[in-house]
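Data file: model.txt. Format and content: compact mmCIF, C-alpha atoms.
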# COMPACT_ATOMS: atom_id res chain seq x y z
CA MET A 1 -59.75 -62.98 20.22
CA ASN A 2 -60.48 -64.67 16.89
CA LYS A 3 -63.16 -62.88 14.91
CA LEU A 4 -65.17 -66.11 14.70
CA LEU A 5 -65.67 -66.16 18.45
CA SER A 6 -68.71 -63.98 18.75
CA GLU A 7 -70.89 -64.75 21.74
CA LEU A 8 -73.14 -66.96 19.61
CA ASP A 9 -70.23 -68.90 18.08
CA ALA A 10 -68.58 -69.47 21.46
CA LYS A 11 -71.81 -70.77 22.99
CA GLU A 12 -72.35 -73.10 20.04
CA LEU A 13 -68.79 -74.41 20.32
CA LEU A 14 -69.11 -75.07 24.04
CA GLU A 15 -72.44 -76.82 23.54
CA LYS A 16 -70.88 -79.07 20.90
CA TYR A 17 -67.46 -79.79 22.42
CA GLY A 18 -68.04 -79.09 26.12
CA SER A 19 -66.90 -76.39 28.52
CA PRO A 20 -64.16 -75.45 29.14
CA LEU A 21 -62.61 -75.59 25.67
CA PHE A 22 -59.20 -74.76 24.18
CA ILE A 23 -59.48 -72.98 20.82
CA VAL A 24 -56.48 -72.91 18.45
CA ASP A 25 -56.16 -70.23 15.76
CA GLU A 26 -53.92 -72.11 13.33
CA SER A 27 -53.38 -69.08 11.08
CA LYS A 28 -51.83 -67.24 14.04
CA ILE A 29 -49.23 -69.99 14.51
CA ILE A 30 -48.33 -69.86 10.81
CA TYR A 31 -48.08 -66.07 10.98
CA GLN A 32 -45.81 -66.18 14.04
CA TYR A 33 -43.53 -68.71 12.36
CA GLN A 34 -43.30 -66.65 9.19
CA GLN A 35 -42.57 -63.49 11.17
CA ILE A 36 -39.66 -64.90 13.13
CA LYS A 37 -38.24 -66.66 10.07
CA GLN A 38 -38.45 -63.58 7.85
CA LYS A 39 -37.17 -61.09 10.42
CA PHE A 40 -34.11 -63.15 11.35
CA THR A 41 -33.15 -64.28 7.85
CA LYS A 42 -33.34 -60.65 6.72
CA PHE A 43 -30.38 -59.90 8.99
CA TYR A 44 -28.70 -63.32 9.09
CA PRO A 45 -29.78 -65.57 6.18
CA ASN A 46 -28.33 -68.74 7.67
CA THR A 47 -31.00 -69.02 10.37
CA GLU A 48 -33.10 -72.07 11.26
CA ILE A 49 -36.25 -72.08 13.40
CA ALA A 50 -36.79 -75.11 15.63
CA TYR A 51 -40.13 -75.40 17.41
CA ALA A 52 -39.68 -76.30 21.10
CA TYR A 53 -42.11 -79.20 21.52
CA LYS A 54 -42.33 -78.84 25.31
CA ALA A 55 -44.38 -75.64 24.85
CA ASN A 56 -47.26 -77.61 23.34
CA TYR A 57 -46.91 -81.08 21.85
CA LEU A 58 -50.40 -81.42 20.43
CA LEU A 59 -49.84 -83.41 17.23
CA GLU A 60 -51.66 -81.03 14.91
CA ILE A 61 -49.66 -78.04 16.16
CA CYS A 62 -46.32 -79.85 15.82
CA ASN A 63 -47.22 -81.01 12.34
CA LEU A 64 -48.45 -77.56 11.35
CA ILE A 65 -45.04 -76.07 12.15
CA ASN A 66 -43.30 -79.00 10.49
CA ARG A 67 -45.18 -78.16 7.27
CA GLN A 68 -43.62 -74.69 7.42
CA ASP A 69 -40.24 -76.50 7.12
CA GLY A 70 -39.29 -75.77 10.71
CA LEU A 71 -36.99 -77.97 12.76
CA ALA A 72 -38.15 -79.86 15.85
CA GLU A 73 -36.53 -79.30 19.25
CA VAL A 74 -37.22 -81.98 21.84
CA ILE A 75 -35.95 -82.73 25.31
CA SER A 76 -35.72 -86.44 24.60
CA GLY A 77 -38.14 -89.12 25.79
CA PHE A 78 -41.67 -89.25 24.45
CA GLU A 79 -41.29 -85.92 22.64
CA TYR A 80 -38.77 -87.66 20.40
CA GLN A 81 -41.34 -90.41 19.80
CA ILE A 82 -43.87 -87.75 18.74
CA VAL A 83 -41.35 -86.39 16.24
CA LYS A 84 -40.81 -89.86 14.80
CA LEU A 85 -44.56 -90.43 14.66
CA LEU A 86 -44.82 -87.33 12.47
CA GLY A 87 -42.15 -88.71 10.14
CA ILE A 88 -39.59 -85.94 10.72
CA LYS A 89 -36.08 -86.86 9.59
CA GLY A 90 -33.18 -86.99 12.04
CA ASN A 91 -31.27 -84.08 10.52
CA LYS A 92 -34.27 -81.84 11.33
CA ILE A 93 -34.41 -82.88 15.00
CA ILE A 94 -32.53 -81.14 17.81
CA VAL A 95 -32.27 -83.09 21.06
CA ASN A 96 -31.66 -81.10 24.24
CA GLY A 97 -32.48 -81.68 27.89
CA PRO A 98 -30.39 -82.79 30.89
CA TYR A 99 -31.35 -86.49 30.76
CA LYS A 100 -30.90 -88.75 27.76
CA PRO A 101 -31.03 -92.47 28.65
CA THR A 102 -28.72 -94.79 26.72
CA GLU A 103 -31.57 -96.53 24.85
CA GLU A 104 -32.79 -93.14 23.61
CA LEU A 105 -29.29 -92.01 22.66
CA ASN A 106 -28.86 -95.11 20.51
CA SER A 107 -31.85 -94.14 18.38
CA ILE A 108 -30.96 -90.45 18.36
CA ILE A 109 -27.42 -91.15 17.15
CA GLU A 110 -28.59 -93.70 14.58
CA GLU A 111 -31.07 -91.17 13.14
CA GLY A 112 -28.38 -88.48 12.83
CA CYS A 113 -30.06 -85.95 15.10
CA ILE A 114 -28.43 -82.74 16.30
CA ILE A 115 -27.41 -83.45 19.91
CA ASN A 116 -26.58 -80.83 22.53
CA ALA A 117 -25.05 -82.51 25.58
CA ASP A 118 -25.75 -81.10 29.02
CA ASN A 119 -23.25 -82.90 31.27
CA ILE A 120 -20.04 -84.90 31.18
CA ASN A 121 -21.88 -88.21 31.66
CA GLU A 122 -23.81 -87.60 28.44
CA PHE A 123 -20.59 -86.98 26.53
CA GLU A 124 -19.22 -90.24 27.97
CA LYS A 125 -22.30 -92.22 26.92
CA ILE A 126 -22.36 -90.74 23.43
CA ASN A 127 -18.67 -91.49 22.96
CA GLU A 128 -19.15 -95.09 24.15
CA ILE A 129 -21.99 -95.64 21.69
CA ALA A 130 -19.99 -94.04 18.87
CA GLU A 131 -16.95 -96.16 19.72
CA LYS A 132 -18.99 -99.38 19.61
CA GLN A 133 -20.41 -98.41 16.24
CA ASN A 134 -17.01 -97.27 14.94
CA MET A 135 -18.28 -93.83 14.01
CA ILE A 136 -17.67 -90.15 14.72
CA VAL A 137 -20.66 -88.34 16.22
CA ASN A 138 -21.13 -84.58 15.97
CA VAL A 139 -22.19 -83.01 19.26
CA GLY A 140 -22.92 -79.59 20.66
CA ILE A 141 -22.09 -78.39 24.15
CA ARG A 142 -24.61 -76.57 26.32
CA ILE A 143 -23.15 -73.65 28.23
CA ASN A 144 -24.41 -71.20 30.83
CA ALA A 145 -23.27 -67.79 31.99
CA LYS A 146 -24.39 -65.06 34.36
CA ILE A 147 -26.86 -63.22 32.16
CA GLY A 148 -29.72 -61.33 33.75
CA LYS A 149 -30.97 -61.48 37.33
CA LEU A 150 -31.73 -65.20 37.37
CA PRO A 151 -29.10 -67.03 35.28
CA TRP A 152 -30.10 -70.51 34.13
CA SER A 153 -27.16 -72.20 35.82
CA LYS A 154 -28.74 -75.64 36.26
CA PHE A 155 -28.03 -76.60 32.67
CA GLY A 156 -24.76 -77.10 30.85
CA PHE A 157 -21.25 -75.90 31.71
CA ASN A 158 -20.33 -72.51 33.08
CA VAL A 159 -18.24 -70.17 30.94
CA GLU A 160 -16.93 -67.71 33.56
CA SER A 161 -15.39 -70.43 35.73
CA LYS A 162 -13.66 -71.98 32.68
CA GLU A 163 -15.67 -75.17 33.23
CA ALA A 164 -16.99 -75.05 29.65
CA PHE A 165 -13.49 -74.65 28.17
CA ASN A 166 -12.06 -77.41 30.35
CA VAL A 167 -14.79 -79.79 29.21
CA THR A 168 -14.07 -79.03 25.56
CA GLN A 169 -10.44 -79.95 26.20
CA ILE A 170 -11.58 -83.30 27.60
CA ILE A 171 -13.82 -83.86 24.58
CA LYS A 172 -11.01 -83.12 22.15
CA ASN A 173 -8.33 -85.15 23.96
CA LYS A 174 -10.26 -88.02 25.54
CA PHE A 175 -13.51 -88.56 23.62
CA THR A 176 -11.94 -89.36 20.27
CA ASN A 177 -15.23 -90.50 18.70
CA LEU A 178 -16.86 -87.12 19.23
CA ASN A 179 -16.61 -84.00 17.09
CA LEU A 180 -17.65 -80.84 18.91
CA ASN A 181 -19.30 -78.62 16.31
CA GLY A 182 -22.01 -76.63 18.11
CA ILE A 183 -22.74 -74.40 21.09
CA HIS A 184 -26.10 -74.20 22.81
CA ILE A 185 -27.36 -71.72 25.39
CA HIS A 186 -30.80 -70.82 26.73
CA ILE A 187 -30.86 -67.73 28.93
CA GLY A 188 -34.44 -67.67 30.22
CA THR A 189 -38.09 -67.37 29.33
CA ASN A 190 -40.51 -64.59 28.44
CA LEU A 191 -37.65 -62.08 28.17
CA THR A 192 -38.41 -58.52 27.07
CA ASN A 193 -34.87 -57.16 27.42
CA VAL A 194 -33.26 -57.73 24.02
CA ASN A 195 -29.87 -56.66 25.41
CA LEU A 196 -29.72 -59.96 27.30
CA TYR A 197 -29.53 -61.73 23.94
CA LYS A 198 -26.84 -59.34 22.77
CA GLU A 199 -24.87 -60.17 25.91
CA SER A 200 -25.29 -63.92 25.40
CA ILE A 201 -24.11 -63.67 21.78
CA SER A 202 -21.03 -61.77 22.93
CA ILE A 203 -20.20 -64.51 25.43
CA ILE A 204 -20.68 -67.22 22.80
CA LEU A 205 -18.51 -65.43 20.23
CA ASN A 206 -15.69 -64.98 22.76
CA PHE A 207 -15.97 -68.67 23.57
CA ILE A 208 -15.87 -69.59 19.87
CA GLU A 209 -12.72 -67.52 19.40
CA GLU A 210 -11.09 -69.20 22.39
CA LEU A 211 -11.93 -72.67 21.09
CA LYS A 212 -10.55 -71.83 17.65
CA ASN A 213 -7.32 -70.22 18.86
CA LYS A 214 -6.45 -72.64 21.66
CA LEU A 215 -7.95 -75.95 20.54
CA GLY A 216 -8.44 -75.59 16.80
CA ILE A 217 -12.17 -76.33 17.12
CA LYS A 218 -14.51 -74.98 14.46
CA ILE A 219 -18.12 -74.33 15.46
CA ASN A 220 -20.74 -74.95 12.75
CA TYR A 221 -23.85 -73.84 14.61
CA ILE A 222 -24.92 -71.53 17.41
CA ASP A 223 -28.13 -72.63 19.12
CA LEU A 224 -29.51 -69.66 21.06
CA GLY A 225 -32.61 -71.33 22.49
CA GLY A 226 -35.80 -69.29 22.79
CA GLY A 227 -37.38 -67.20 25.52
CA PHE A 228 -38.98 -64.47 23.37
CA ALA A 229 -41.79 -62.74 25.23
CA THR A 230 -45.54 -62.78 24.62
CA GLU A 231 -48.42 -60.62 25.84
CA ALA A 232 -49.12 -62.57 29.05
CA CYS A 233 -47.01 -60.76 31.62
CA PRO A 234 -45.47 -62.15 34.85
CA ALA A 235 -47.69 -62.14 37.93
CA GLU A 236 -45.63 -59.43 39.63
CA CYS A 237 -45.92 -57.14 36.62
CA ASP A 238 -48.71 -54.91 35.32
CA PHE A 239 -50.01 -55.01 31.76
CA LYS A 240 -49.39 -51.26 31.45
CA GLU A 241 -45.70 -51.82 32.22
CA TRP A 242 -45.32 -54.95 30.09
CA LYS A 243 -43.81 -53.91 26.77
CA VAL A 244 -43.14 -56.79 24.38
CA PRO A 245 -40.54 -55.95 21.71
CA ASP A 246 -41.23 -56.66 18.06
CA ILE A 247 -39.40 -59.80 16.94
CA GLU A 248 -37.24 -57.60 14.69
CA GLU A 249 -35.70 -56.01 17.79
CA TYR A 250 -34.60 -59.44 18.98
CA ALA A 251 -33.26 -60.16 15.51
CA LYS A 252 -31.15 -57.00 15.41
CA ALA A 253 -29.73 -57.60 18.90
CA ILE A 254 -28.69 -61.14 17.98
CA CYS A 255 -27.71 -60.85 14.32
CA GLU A 256 -25.75 -57.60 14.24
CA PRO A 257 -22.96 -58.92 16.55
CA LEU A 258 -22.89 -62.14 14.53
CA ASN A 259 -22.45 -60.30 11.24
CA ARG A 260 -19.63 -58.15 12.65
CA PHE A 261 -17.78 -61.14 14.07
CA PHE A 262 -18.07 -63.26 10.91
CA GLU A 263 -17.78 -60.32 8.50
CA ASN A 264 -14.85 -61.76 6.57
CA GLU A 265 -16.02 -65.38 6.56
CA THR A 266 -17.98 -66.99 3.75
CA ASP A 267 -18.84 -70.12 5.74
CA LYS A 268 -20.76 -68.61 8.63
CA PRO A 269 -22.20 -70.90 11.34
CA THR A 270 -25.91 -71.63 11.33
CA LEU A 271 -27.96 -69.68 13.84
CA ILE A 272 -30.63 -71.89 15.44
CA LEU A 273 -33.54 -70.47 17.42
CA GLU A 274 -35.92 -72.56 19.53
CA PRO A 275 -39.12 -70.56 20.00
CA GLY A 276 -41.98 -72.33 21.72
CA ARG A 277 -43.96 -69.73 23.63
CA TYR A 278 -43.57 -67.17 20.83
CA LEU A 279 -45.14 -69.48 18.23
CA VAL A 280 -48.13 -70.85 20.11
CA ASP A 281 -48.97 -68.74 23.16
CA GLY A 282 -51.12 -66.08 21.52
CA ALA A 283 -52.71 -68.55 19.10
CA ILE A 284 -54.68 -70.45 21.73
CA SER A 285 -57.51 -69.21 23.92
CA LEU A 286 -59.42 -70.94 26.70
CA ALA A 287 -63.19 -70.53 26.69
CA THR A 288 -64.79 -71.16 30.09
CA SER A 289 -68.30 -70.80 31.48
CA VAL A 290 -69.37 -68.93 34.61
CA ILE A 291 -70.83 -71.40 37.15
CA THR A 292 -71.56 -69.05 40.05
CA VAL A 293 -70.85 -65.56 41.39
CA LYS A 294 -70.05 -64.77 45.03
CA SER A 295 -68.91 -61.86 47.13
CA ILE A 296 -65.73 -62.67 49.04
CA SER A 297 -64.52 -60.01 51.46
CA GLY A 298 -66.57 -57.48 49.51
CA ILE A 299 -65.00 -58.37 46.14
CA ARG A 300 -67.08 -59.76 43.31
CA SER A 301 -65.82 -63.31 42.79
CA VAL A 302 -66.63 -65.13 39.56
CA PHE A 303 -66.28 -68.91 39.50
CA VAL A 304 -65.73 -70.68 36.16
CA ASP A 305 -65.40 -74.32 35.08
CA ALA A 306 -61.70 -74.03 34.14
CA GLY A 307 -59.10 -74.30 36.90
CA VAL A 308 -55.36 -74.11 37.40
CA ASN A 309 -55.20 -77.81 36.52
CA ILE A 310 -55.56 -76.79 32.86
CA LEU A 311 -54.20 -73.24 33.19
CA PRO A 312 -51.15 -73.86 35.42
CA SER A 313 -49.41 -70.67 34.32
CA ALA A 314 -52.06 -68.71 36.29
CA PHE A 315 -49.72 -69.18 39.25
CA TYR A 316 -47.01 -67.03 37.64
CA ARG A 317 -48.57 -65.15 34.69
CA LYS A 318 -51.41 -62.71 34.12
CA HIS A 319 -53.81 -63.40 31.29
CA LYS A 320 -56.08 -60.95 29.56
CA ILE A 321 -59.68 -62.03 30.00
CA GLU A 322 -62.61 -61.01 27.82
CA ALA A 323 -66.21 -61.46 28.95
CA LEU A 324 -68.83 -62.33 26.34
CA THR A 325 -71.79 -60.45 27.77
CA ASP A 326 -74.06 -57.56 26.87
CA ASN A 327 -73.47 -55.99 30.28
CA ILE A 328 -70.95 -53.16 29.88
CA GLU A 329 -70.85 -52.14 33.57
CA LYS A 330 -67.49 -53.21 35.02
CA GLU A 331 -66.47 -54.05 38.55
CA LEU A 332 -63.31 -55.15 40.37
CA THR A 333 -63.36 -58.94 40.07
CA ASP A 334 -61.51 -62.08 41.12
CA VAL A 335 -61.81 -65.15 38.86
CA TYR A 336 -61.72 -68.58 40.52
CA GLY A 337 -61.71 -72.09 39.09
CA PRO A 338 -63.84 -75.08 40.15
CA LEU A 339 -61.16 -77.11 41.93
CA CYS A 340 -61.41 -78.09 45.59
CA MET A 341 -58.27 -76.16 46.51
CA ASN A 342 -57.97 -72.62 47.83
CA VAL A 343 -55.20 -71.66 45.41
CA ASP A 344 -57.40 -72.25 42.37
CA LEU A 345 -57.35 -68.56 41.44
CA LEU A 346 -57.04 -67.67 37.76
CA GLU A 347 -56.88 -63.87 38.03
CA SER A 348 -57.39 -61.34 40.81
CA GLY A 349 -58.16 -57.64 40.95
CA ILE A 350 -59.20 -57.19 37.32
CA MET A 351 -61.92 -54.95 35.93
CA LEU A 352 -64.53 -57.19 34.34
CA PRO A 353 -68.13 -56.70 33.19
CA LYS A 354 -70.78 -58.00 35.59
CA VAL A 355 -71.17 -61.50 34.19
CA GLY A 356 -73.70 -64.04 35.37
CA VAL A 357 -74.12 -67.79 35.40
CA GLY A 358 -73.81 -69.18 31.88
CA ASP A 359 -71.82 -66.27 30.50
CA ILE A 360 -68.52 -67.08 28.82
CA LEU A 361 -65.02 -65.81 29.57
CA ILE A 362 -62.24 -66.01 26.97
CA ILE A 363 -58.78 -66.35 28.54
CA GLN A 364 -56.10 -65.30 26.08
CA ASN A 365 -52.50 -66.46 25.64
CA ALA A 366 -53.29 -70.00 26.77
CA GLY A 367 -51.10 -71.76 24.21
CA ALA A 368 -47.72 -72.21 25.88
CA TYR A 369 -47.19 -74.86 28.56
CA GLU A 370 -50.88 -75.08 29.53
CA LEU A 371 -51.62 -78.36 27.73
CA SER A 372 -48.16 -79.85 28.29
CA GLN A 373 -48.21 -79.11 32.04
CA SER A 374 -51.91 -79.76 32.61
CA MET A 375 -53.23 -82.45 34.96
CA GLN A 376 -56.52 -84.11 35.87
CA PHE A 377 -56.81 -83.02 39.49
CA THR A 378 -60.55 -83.45 40.29
CA ARG A 379 -61.60 -82.42 36.77
CA LEU A 380 -61.15 -84.10 33.39
CA ARG A 381 -59.13 -82.21 30.80
CA PRO A 382 -61.14 -80.49 28.07
CA ALA A 383 -61.26 -80.85 24.31
CA VAL A 384 -59.13 -78.82 21.92
CA ILE A 385 -60.45 -77.53 18.60
CA GLY A 386 -58.65 -75.81 15.75
CA ILE A 387 -59.82 -73.00 13.50
CA LYS A 388 -58.26 -73.54 10.09
CA GLU A 389 -57.10 -70.75 7.78
CA ASN A 390 -60.29 -71.21 5.75
CA GLY A 391 -62.42 -70.79 8.88
CA LYS A 392 -63.35 -74.46 9.20
CA ILE A 393 -63.33 -75.98 12.68
CA SER A 394 -61.85 -79.39 13.49
CA LEU A 395 -61.42 -81.42 16.66
CA LEU A 396 -57.72 -81.67 17.59
CA ARG A 397 -58.15 -83.54 20.87
CA ARG A 398 -61.33 -85.01 22.31
CA LYS A 399 -62.45 -84.36 25.85
CA GLU A 400 -60.88 -86.68 28.42
CA THR A 401 -62.93 -89.52 29.88
CA ILE A 402 -62.81 -91.61 33.04
CA GLU A 403 -61.52 -94.46 30.89
CA ASP A 404 -58.45 -92.36 30.04
CA ILE A 405 -57.77 -91.75 33.73
CA ILE A 406 -57.87 -95.33 34.98
CA ARG A 407 -56.79 -97.33 31.92
CA LEU A 408 -53.28 -97.82 33.40
CA ASP A 409 -54.50 -98.89 36.84
CA VAL A 410 -54.02 -102.49 37.93
CA PHE A 411 -56.99 -103.65 40.01
CA ASN A 412 -57.51 -107.22 41.22
CA ASN A 413 -54.28 -108.16 39.45
CA ARG A 414 -55.39 -106.99 36.03
CA LEU A 415 -55.52 -103.81 34.01
CA VAL A 416 -58.83 -102.04 34.40
CA ALA A 417 -61.11 -102.31 31.37
CA ILE A 418 -64.36 -100.39 31.13
Structure re-expressed in C-alpha cells:
Amino acid sequence: MNKLLSELDAKELLEKYGSPLFIVDESKIIYQYQQIKQKFTKFYPNTEIAYAYKANYLLEICNLINRQDGLAEVISGFEYQIVKLLGIKGNKIIVNGPYKPTEELNSIIEEGCIINADNINEFEKINEIAEKQNMIVNVGIRINAKIGKLPWSKFGFNVESKEAFNVTQIIKNKFTNLNLNGIHIHIGTNLTNVNLYKESISIILNFIEELKNKLGIKINYIDLGGGFATEACPAECDFKEWKVPDIEEYAKAICEPLNRFFENETDKPTLILEPGRYLVDGAISLATSVITVKSISGIRSVFVDAGVNILPSAFYRKHKIEALTDNIEKELTDVYGPLCMNVDLLESGIMLPKVGVGDILIIQNAGAYELSQSMQFTRLRPAVIGIKENGKISLLRRKETIEDIIRLDVFNNRLVAI
C-alpha cells in the first residue's frame, strides 16, 4: 500500500471523493515500465514495450505510459479512438484483436499502424483496401500453438497443423498487395512459468526459418504479447504457493534463444512485448468502507460498499486485503460486496482484523481489467484518483452519476435529458 494511505489519509480521501475509491500510484506504473524496458533491452537491445490498453484504458494511465515512449497496443474499436485522442502516431500503434471492421481498417492502414491479422477474412479485407489505394501494406500474422495446459487456440492460425504456413503461402501468392513482415503470438495471462515463453520463442523461430527457407519471407518483428504475472494469484491457488518471477527471468527465457538464433545477423528483428497487467495491476488499489458485519454459518462476514461490479476479477483471482484499524486481533473472515446477488463475494476464508462499521479495507492489485470490465449493476461506479510522483493527488475520473447511466436512453421518442 502507498505510504500516503495512512488511516487518516484514506478516510480523508473517501470523504472527499466518495467510497469506494480507486487509488492510482503513478510512480509505480513508471517504475514497472522502466523495469521491463531495462531488463529486456539489457539482453536484447532491439526491444519495444507496447502497453495493452485493454488492461486499463483510463486516459491518464495511457498517456503516462505514452510519455515513457512506449507503444500502444489496441484491439481496435474505441481503444484506437483513445489512442488517436492522445495524439499517438500510427507507427507507434499496434492493432490486434479478432475483429477489425472495414471502416476501422481504412483508418488504421492510412495511419500506418502495425497490424496483426487474426483470420483469413482480415487478410482479404486489408488486401482489398490496399489494392484500391494502390499500395503495399505490411502485416503480421497471429499464430497459436499448444503451449501450456490451456493453449489460446481461439486466436490466429495453428502452427502444428501447418495452418499458419499454408496461410502464409496464400498471402504470398494471392494477396499481392500485402507484405508479411511480422509474427504475433499471445500464450496466456498471469503466467509464472517462464519456460512457456522459451517454448513459444522456439516455435516462432522454427516458423521463421521455415518461412525464410521455403517462401523467402523475411520477418522484421516478433510480437510476443504479454501475460507476465503479478501478485494477485488465481482463485484456486494459495498466496504461499504463488511465486512471481522477477521480470529478468522472463527476459532471459525469451532473449537468450533469440540471441543464439540471430547470432550472426546484424539486422535482428524487433522484439515487441505487450504488457498490460504487469504495468498497472500493482499500481492501483481499491479503498472500500465496511457497511455491516454479520455471522454467516459461524463465519465472520464483513460487508463493504465495493462489489464484483467494480472488482470483477474477484471471481477468478485472490487479492491481498489490508484493514485500516487499530484492532490487531484477527479472525477467519469472508468479505462481501453490497450487490443484490449471492455471488457478490470479494474474498473468502482470509485472516483479517476484527473491523467494524466505518473501517476501511484496502484491496491491492486492482489495476488490471477492473475498470475496463466494470459495470453499473445496482451501484454507480466510483471515482479514480492519482497520486503523482511528487505526492500530489488529482482526480482522474469523477464518480459516476445517474445522468451517465441514462443519457443514451430514448424515452417518449427523445433522448433523456436531466
Taking 3 positions as the minimum chain separation for residues in the same chain, which residues sit within 8 Å of Ile299 of chain A when counting only C-alpha atoms? Answer as a list in words.
Ser295, Ile296, Leu332, Thr333 and Asp334 of chain A
Pick out the closest residue to Asn179 of chain A from this set: A:Asn138, A:Ser200, A:Thr292, A:Asn166. Count all atoms listed in the file.
A:Asn138
Proximity to Tyr336 of chain A - best of A:Leu352, A:Ile363, A:Ala306, A:Ile109, all atoms listed in the file
A:Ala306
Distance criterion (all atoms listed in the file): nearest to Ile94 of chain A out of A:Glu274, A:Leu395, A:Glu265, A:Ala145:
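For Ile94 of chain A, the nearest of the given residues is A:Glu274.
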Quick one: residues within 6 Å of segment 46-50 of chain A, all atoms listed in the file counted, chain neighbours fewer than 3 positions away excluded, as an MDAnalysis selection string?
chainID A and resid 41 70:73 270:274
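Proximity to Pro312 of chain A was assessed for A:Gly140, A:Gly367, A:Gly77, A:Gly298 counting all atoms listed in the file; the smallest distance is recorded for A:Gly367.
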Residues near Asn158 of chain A, anyone? I mean within 12 Å using all atoms listed in the file, not counting same-chain ones fewer than 3 positions away, as number ranges by chain.
A: 118-119, 141-147, 151-155, 161-168, 184-185, 203-204, 207
Near Glu128 of chain A, counting only C-alpha atoms, which residues have an atom at most 9 Å away, once you skip same-chain residues fewer than 5 positions from it, shown as a list in words?
Phe123, Gln133, Phe175 and Asn177 of chain A
As a check of understanding: the span from atom CA of Lys218 of chain A to atom CA of Met135 of chain A is 19.2 Å
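Distances here use only C-alpha atoms; by that measure, the residue among A:Ile350, A:Ala130, A:Val335, A:Ile385 closest to Glu60 of chain A is A:Ile385.
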Could you jot down the atom CA of Ile30 of chain A to atom CA of Ile61 of chain A separation for me, Å, one decimal place?
9.9 Å
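Going from atom CA of Arg381 of chain A to atom CA of Leu86 of chain A covers 23.8 Å.
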Nearest to Asn56 of chain A among A:Val24, A:Asn121, A:Lys198, A:Leu415, with distances taken over only C-alpha atoms: which residue is it?
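Residue with the minimum atom-to-atom distance to Asn56 of chain A: A:Val24.
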How big is the axis-aligned box around the listed atoms of segment 405-418 of chain A once 8 Å is added on each side, and where is its centre? Give both in Å to one decimal, as lines of an AutoDock Vina configuration file.
center_x = -58.8
center_y = -100.0
center_z = 36.2
size_x = 27.1
size_y = 32.4
size_z = 26.1
Quick one: residues within 7 Å of Thr325 of chain A, all atoms listed in the file, excluding same-chain residues fewer than 2 positions away - as a list in words?
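Close residues of Thr325 of chain A: Ala323, Asn327, Val355 and Asp359 of chain A.
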Please rebuild segment 378-391 of chain A with N, CA and C atoms and give the result as a tab-separated table (two decimals), keeping the file's coordinate frame.
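New file result-v1.tsv:
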chain	number	residue	atom	x	y	z
A	378	THR	N	-59.10	-83.54	40.02
A	378	THR	CA	-60.55	-83.45	40.29
A	378	THR	C	-61.41	-83.14	39.06
A	379	ARG	N	-60.82	-82.72	37.97
A	379	ARG	CA	-61.60	-82.42	36.77
A	379	ARG	C	-60.91	-83.04	35.55
A	380	LEU	N	-61.70	-83.56	34.63
A	380	LEU	CA	-61.15	-84.10	33.39
A	380	LEU	C	-60.68	-82.96	32.49
A	381	ARG	N	-59.65	-83.24	31.70
A	381	ARG	CA	-59.13	-82.21	30.80
A	381	ARG	C	-60.05	-82.03	29.59
A	382	PRO	N	-60.16	-80.79	29.12
A	382	PRO	CA	-61.14	-80.49	28.07
A	382	PRO	C	-60.67	-80.83	26.67
A	383	ALA	N	-61.57	-80.67	25.73
A	383	ALA	CA	-61.26	-80.85	24.31
A	383	ALA	C	-60.47	-79.66	23.79
A	384	VAL	N	-59.85	-79.88	22.63
A	384	VAL	CA	-59.13	-78.82	21.92
A	384	VAL	C	-59.64	-78.80	20.49
A	385	ILE	N	-60.04	-77.64	20.00
A	385	ILE	CA	-60.45	-77.53	18.60
A	385	ILE	C	-59.54	-76.55	17.88
A	386	GLY	N	-59.47	-76.70	16.57
A	386	GLY	CA	-58.65	-75.81	15.75
A	386	GLY	C	-59.48	-75.07	14.73
A	387	ILE	N	-59.20	-73.79	14.56
A	387	ILE	CA	-59.82	-73.00	13.50
A	387	ILE	C	-58.82	-72.91	12.36
A	388	LYS	N	-59.15	-73.52	11.24
A	388	LYS	CA	-58.26	-73.54	10.09
A	388	LYS	C	-58.20	-72.17	9.43
A	389	GLU	N	-57.25	-72.02	8.50
A	389	GLU	CA	-57.10	-70.75	7.78
A	389	GLU	C	-58.35	-70.42	6.97
A	390	ASN	N	-59.08	-71.45	6.53
A	390	ASN	CA	-60.29	-71.21	5.75
A	390	ASN	C	-61.53	-71.03	6.64
A	391	GLY	N	-61.33	-71.00	7.96
A	391	GLY	CA	-62.42	-70.79	8.88
A	391	GLY	C	-63.10	-72.06	9.36
